[in-house]
Amino acid sequence: MKPLKIGITGVRGIVGETFTPELAVEFAQAFATYLDRGRILVCRDTRPSGPMVRSAVMAGLLSAGCEAIDLGICPTPTMQLAVQQSDAQGGISITAGHNPSHWNALKFVRGDGLYLNATQAEELLDLYHQGEFEKAKWSEIRTRIETRDAIELHIDRLRQAFDIESIRRRGLTVALDCCNGASARLVPRLLEGLGCTVLSINDDIQAPFPHNPEPKRETMAQLRAVVKAGRADIGFAHDADGERIGIVTETGEPLSEEMTLAIAAEIKLSRSPGVVVTNVSTTSAIDAIAARHASSVVRTQVGTAYVSEAILEHRAVLGGEGNGAVAIPEIHATNDSAAAIMLILDHMAATGQKISALAASLPRYSMHKYDVPIAPNLLFSVLNDLRKEAETAHAKTVDLSDGIKFAWPDGWLHIRASNTESMIRVIAEAENEPRALEILSWARDRLG
Amino acid sequence: MRAIPTLKISISGVRGVIGESLTPTLLTRFAQAFGTYVGSGTIVIGRDTRTSGEMVRQAVIAGLLSSGCRVIDLGVCPVPTLQLMVRRHRAKGGIEITASHNPAEWNALKFVNAEGLFLSTGQARELLDIYHQGDYTKVPGAEMRSVDLFDGGLDAHIQAIIDAVGILPPRPRPLKVALDSCNGAGSIIAPLLIQELGAEVVTINTTPDGLFPRGAEPIAENLAALSQLVRESGADVGFAQDMDADRLAIIDETGAPIGEDNTLVLATRYVLSMTPGPVVTNLSTSSTLDAVAKMFACPIHHSKIGEANVTEMMQQVRAIIGGEGNGGVIYPTINFCRDSLVGMALVLHLLAETERSVSSLLADLPRYTMIKEKLACPSHKIGEVLKMIRTTYADLPMDARDGVKVIFPDGWLLVRGSNTEPIIRLVAEAPDESRARGILDGVFANVAQLLRES
C-alpha cells in the first residue's frame with residue numbers, strides 16, 4: 001500500500017517513499033497559483049525531513065513570484081495567527097501532526113488564518129493536477145525572508161486574552177511534554193512568562209520524537225512520572241505542531257484525549273453559554289456538558305476545516321475534536337493547544353479547583369476505537385457496502401454526513417474513511433464498557 | 001524557424017530561462033540525480049548573484065537533502081571558490097548556481113566532481129542518464145542530513161592565492177587597480193584579494209544584487225565604463241569579471257581593452273618567468289601565447305575546445321599553466337579551473353616584478369588579428385562543411401580533433417560546429433587584419449553557398 005494521501009487536509013506521505021521534493025515543490029507552486037502570488041508564511045515542525053520539505057516549498061513559492069516568509073520551527077496555530085494578523089495571503093505548515101516521524105505533510109492556510117475548506121481544497125487540487133503554475137520572470141522573483149517574530153505575536157495575543165495576573169498569583173507548577181515538537185519553542189516560554197514553575201521534558205527541537213507525537217494515554221507515561229515526582233498541578237502532552245494536547249491530572253492520572261475538549265467545554269460554557277462545535281466522532285460527554293450549561297452542540301464532519309467553518313457560521317464559543325484539539329474563537333477559530341492550556345490554567349487560577357476534581361465532575365463514557373487498513377481502491381466501496389447493511393444495526397438514527405454513524409439511546413458507532421491515511425476508523429461509545437464492546441461488534445463482524 | 005529553445009540540458013549542466021523552462025521541479029530533480037550519482041555524501045553549493053539564485057538554491061537543497069546528501073552552502077561565491085572548497089571539505093562534489101555570461105533571465109546548474117573539476121564528458125553523460133531514468137535515491141527523514149552555512153570560502157580562496165603566489169613586492173607607489181565585477185559573484189572577494197596582495201583598488205559594479213549593469217561577458221564592447229574609470233583614476237590596470245568570476249578581461253593603463261586572449265598571455269608570461277613548464281590551451285587561442293611559450297622555451301599543447309578538455313590535457317602533460325582565449329586562466333597550483341582571481345594575482349605580479357606597464361608588456365610580443373564569423377547551420381550539415389574544408393586544404397597541415405583547424409604558413413583557420421547553438425563558427429588568425437580576412441574569405445563564400453543548397 002502506497003502511503004500517500006492527497007486530499008482536503010493537504011498532502012501527506014512518507015518521506016523517502018511517496019513524499020518527494022517534486023511533490024512539495026509542485027504543491028507549493030499550485031498554492032501560489034491559487035492565491036495569485038502574494039505573501040505566504042511557512043512554518044514547520046521538528047521532523048528531520050522538515051528542512052528538505054521547507055526548501056522544496058520555498059523553491060515552489062519563490063518560482064511563482066510569492067513573497068515567501070520563513071517562520072522556521074513554530075506551531076501551526078502560531079503561523080495561522082500570524083497570517084490572520086498580517087496582510088499575508090496564506091500559509092503552509094510543514095507537519096504531519098500526530099503521524100510518526102517518518103511522515104510529513106503540507107497543510108494549507110488561507111488569508112484569514114484558517115485551513116482551506118473542502119471546496120477551496122478541491123480547487124487547489126485541480127490546479128495541482130492541471131500542472132500549469134504561475135511562473136515569475138527573473139525580475140519579479142523574490143528572495144526568502146526569515147523571521148522569528150510569530151512566536152512573540154502568539155504569546156502577546158494569549159497574554160491579552162486571559163487573566164495572566166491571576167495565573168501569576170496562583171504560582172502553578174506545570175509539567176510539559178512537548179514531544180521535541182514545535183510547541184517547545186512556544187509553550188515553555190509562555191508559561192515561564194506567567195510565573196509558572198515549568199517542569200519541561202522533551203523540549204529539544206533538534207532531537208527526535210521520544211514517542212509518537214499523539215497525546216494519548218499510551219504516550220503519557222513519562223509525563224505522568226514528571227507530574228508525580230514534581231508534584232505538578234497539571235501536565236500537558238503535545239503533538240508535533242501544537243494542535244492537540246493531552247492532560248495528566250495532579251494525581252498522575254492520564255486522561256483520554258477525548259477529555260481535553262470536555263474539560264475546555266466545561267470551563268468555557270460555565271462562563272459563557274453558547275454553541276460548541278465538534279465532529280460527529282467526538283464523545284457524547286460534550287452534549288451532556290452543553291446540556292448542563294444551557295448550551296448547544298453543532299456536529300460537523302471530521303476535520304479541522306469543517307469545525308472552523310462551523311465555529312464562524314454559528315458564532316460558537318468553543319470548538320474542537322476528540323483527538324485533543326481545542327479551538328478558542330476569541331483567539332482564532334482553529335486548533336491551538338497553547339490557547340487551550342491558557343484556558344485551563346486561567347480556570348484553575350481563578351477557582352482553585354484541582355484538575356482531577358474538574359475531570360471527576362464530568363460525565364465519562366466508555367469509548368473504543370480501532371483502525372482497519374484498507375486498500376485505497378476499496379476505501380469507499382467498503383463503506384458503501386456497509387451502508388447497504390445499515391438497517392441490520394437497528395439503530396435509532398443513522399447519520400451519513402461522514403461515513404456512517406449509528407446512534408442508540410445508550411451509545412453510538414461511527415465508521416468512516418480517514419482523511420489522512422488509507423484506513424477505516426471505527427469508534428464506538430457507550431455508557432459502559434460491555435455495551436461499547438457490543439456496539440463495536442457490528443463493525444467487527446463486518447470489517448474484521 | 002522554430003522558437004529558440006530556452007532550456008539546454010547537456011554535458012555542461014542544465015541551463016534555462018527563469019519563468020519559462022527552468023522550473024523548480026526540474027532543478028530539484030537534477031539535484032536528486034546528482035545526489036544519487038555521487039552516492040549521497042557531502043556536496044558544496046554556491047551561487048552567483050542572480051535574482052533567481054535563492055529560488056534555485058532552495059530547489060537544489062531540497063533535492064540534495066532528499067537524496068541523503070549533507071549540504072555545505074557557501075552562499076554567493078565565484079565558481080573557482082566553490083571548486084577549491086569541494087576539495088578542502090573533501091566533498092563528493094559541488095553545484096554552482098550560475099549561468100555565467102548568459103543574460104539576467106537565465107540560470108543554470110554546473111556540476112563539479114570530488115576533485116573540484118567540472119564533470120568530464122563521461123561523468124556528465126552518466127549524470128544525464130540518471131536524471132533521465134528518474135529513479136533517484138530517496139532517504140527516509142531520519143537519515144536526512146543538514147545544511148551547514150559556511151562563510152569562510154572567500155577567505156580560504158584568498159589565502160590559497162596568497163600562499164601560492166605571495167604578496168606583491170614593495171614599490172614606492174602601490175599598483176592601482178580599477179575593478180568591474182558586473183555586480184556578480186566576484187563583487188566581494190575581488191576587492192579584498194587586490195588589497196590583500198598589496199595593491200590599491202577603485203571599483204564599479206561591485207554591488208552583488210544580480211542586476212546586470214552591463215552585458216555579462218567581459219568583452220570589449222561591455223567595458224566602456226571600466227575604461228573610463230581606468231583613465232579617470234589613473235589606474236595601472238583595469239580588471240573585469242563575468243557573473244561567476246571565472247573569466248577575466250583586462251584594460252591597459254591607457255584605458256584600452258587588450259583583448260580577451262591576452263589575459264592568458266600576460267598570466268603565462270609571469271608564471272613561465274618564475275617556473276618554466278608546459279602550457280596548455282585550446283585550438284582557438286591566439287598564437288601570441290605560442291610566442292610566450294617560445295620566449296621561455298616551454299612546450300605548448302592545444303586541446304579540443306572546452307574547459308574540461310583543457311584541464312584534462314593539463315593533467316596529462318603536467319602543465320604549469322593553461323587556459324582559454326576567453327579570459328580563462330587555469331593555474332593548477334590552486335585549482336584546475338578558470339579563476340579570474342588567480343588571473344588578477346598573476347598579472348599584478350607581472351606588473352610589479354617587471355615594473356612595466358600592460359601596454360609595454362604586450363608591445364614586445366608578436367601581435368595577431370583574429371576574426372570570428374558564424375553561420376546558421378543545422379547540426380546534420382556540419383559534417384558536410386568540415387569535409388569540404390578538409391578537401392579544399394588537403395595539402396596543408398591540419399588538426400581535425402575539434403572541427404577542422406588548417407595551419408597556414410602565416411596563420412590559421414578553425415571551422416567548427418557549436419555545441420550549444422545550431423551554428424557553425426569560422427575563426428581566422430594572421431599577423432594583420434587583411435591577411436586574416438583573406439584566410440577567412442578563402443572559404444566563407446563556399447561554406448555559405450553549401451548551406452544555402454540545403
# chains A, B, ... in the order shown; residues from 1 in each chain; ligands from 1
>>> interface_residues(of="chain B", to="chain A", cutoff="7 Å", atoms="only C-alpha atoms", output="NGL selection string")
:B and (18-20 or 24-25 or 28 or 51-52 or 54-56 or 58-59 or 61-63 or 65-66 or 105 or 138-142 or 144)
>>> select_by_dssp(residues="range 113-185 of chain A", states="strand (DSSP E or B)", output="ChimeraX atom specification")
/A:115,145-146,173-177
>>> write_last_selection(atoms="N, CA and C atoms", output="PDB file, in the first residue's frame")
ATOM      1  N   TYR A 115      -7.692  26.844   7.843  1.00  0.00           N
ATOM      2  CA  TYR A 115      -7.384  25.897   6.766  1.00  0.00           C
ATOM      3  C   TYR A 115      -8.347  26.090   5.593  1.00  0.00           C
ATOM      4  N   ILE A 145      12.550  35.436   3.039  1.00  0.00           N
ATOM      5  CA  ILE A 145      12.770  36.263   4.224  1.00  0.00           C
ATOM      6  C   ILE A 145      12.578  35.376   5.452  1.00  0.00           C
ATOM      7  N   GLU A 146      13.503  35.446   6.392  1.00  0.00           N
ATOM      8  CA  GLU A 146      13.361  34.670   7.621  1.00  0.00           C
ATOM      9  C   GLU A 146      12.931  35.580   8.750  1.00  0.00           C
ATOM     10  N   THR A 173       2.422  24.911  39.257  1.00  0.00           N
ATOM     11  CA  THR A 173       3.509  24.087  38.727  1.00  0.00           C
ATOM     12  C   THR A 173       2.943  23.262  37.573  1.00  0.00           C
ATOM     13  N   VAL A 174       3.543  23.406  36.397  1.00  0.00           N
ATOM     14  CA  VAL A 174       3.009  22.763  35.188  1.00  0.00           C
ATOM     15  C   VAL A 174       4.083  21.864  34.581  1.00  0.00           C
ATOM     16  N   ALA A 175       3.729  20.604  34.369  1.00  0.00           N
ATOM     17  CA  ALA A 175       4.639  19.688  33.672  1.00  0.00           C
ATOM     18  C   ALA A 175       4.294  19.697  32.186  1.00  0.00           C
ATOM     19  N   LEU A 176       5.322  19.686  31.333  1.00  0.00           N
ATOM     20  CA  LEU A 176       5.106  19.739  29.881  1.00  0.00           C
ATOM     21  C   LEU A 176       5.895  18.630  29.202  1.00  0.00           C
ATOM     22  N   ASP A 177       5.260  17.968  28.250  1.00  0.00           N
ATOM     23  CA  ASP A 177       5.992  17.084  27.337  1.00  0.00           C
ATOM     24  C   ASP A 177       5.713  17.593  25.925  1.00  0.00           C
TER      25      ASP A 177
END
>>> closest_residue(among="B:Leu450, B:Cys337, B:Leu117, B:Val147", to="Lys381 in chain B", atoms="only C-alpha atoms")
B:Leu450
>>> select_by_dssp(residues="range 324-387 of chain A", states="alpha helix (DSSP H)", output="PyMOL selection string")
chain A and resi 337-351+355-360+379-387
>>> closest_residue(among="B:Asn183, B:Thr333, B:Gln195, B:Ser10", to="Ala108 in chain B", atoms="only C-alpha atoms")
B:Ser10
>>> atom_distance(atom1="CA of Thr23 in chain B", atom2="CA of Ala376 in chain B")
28.9 Å
>>> residues_around(residues="Arg39 in chain A", least_positions_apart="5", cutoff="7 Å", atoms="only C-alpha atoms", output="list of chain:residue names")
A:Cys66, A:Glu67, A:Ala68, A:Ala88, A:Gln89
>>> residues_around(residues="Val202 in chain B", least_positions_apart="5", cutoff="8 Å", atoms="only C-alpha atoms", output="MDAnalysis selection string")
chainID B and resid 176:179 233
>>> write_last_selection(atoms="N, CA and C atoms", output="PDB file, in the first residue's frame")
ATOM      1  N   LYS B 176      47.749  50.431  -8.772  1.00  0.00           N
ATOM      2  CA  LYS B 176      46.355  50.829  -8.617  1.00  0.00           C
ATOM      3  C   LYS B 176      45.512  50.066  -9.641  1.00  0.00           C
ATOM      4  N   VAL B 177      44.447  49.424  -9.152  1.00  0.00           N
ATOM      5  CA  VAL B 177      43.606  48.580  -9.995  1.00  0.00           C
ATOM      6  C   VAL B 177      42.211  49.187 -10.075  1.00  0.00           C
ATOM      7  N   ALA B 178      41.679  49.278 -11.283  1.00  0.00           N
ATOM      8  CA  ALA B 178      40.255  49.602 -11.456  1.00  0.00           C
ATOM      9  C   ALA B 178      39.530  48.288 -11.693  1.00  0.00           C
ATOM     10  N   LEU B 179      38.420  48.080 -10.968  1.00  0.00           N
ATOM     11  CA  LEU B 179      37.748  46.770 -10.979  1.00  0.00           C
ATOM     12  C   LEU B 179      36.280  46.924 -11.356  1.00  0.00           C
ATOM     13  N   SER B 233      40.912  57.462 -12.922  1.00  0.00           N
ATOM     14  CA  SER B 233      41.571  57.190 -11.640  1.00  0.00           C
ATOM     15  C   SER B 233      43.082  57.051 -11.798  1.00  0.00           C
TER      16      SER B 233
END
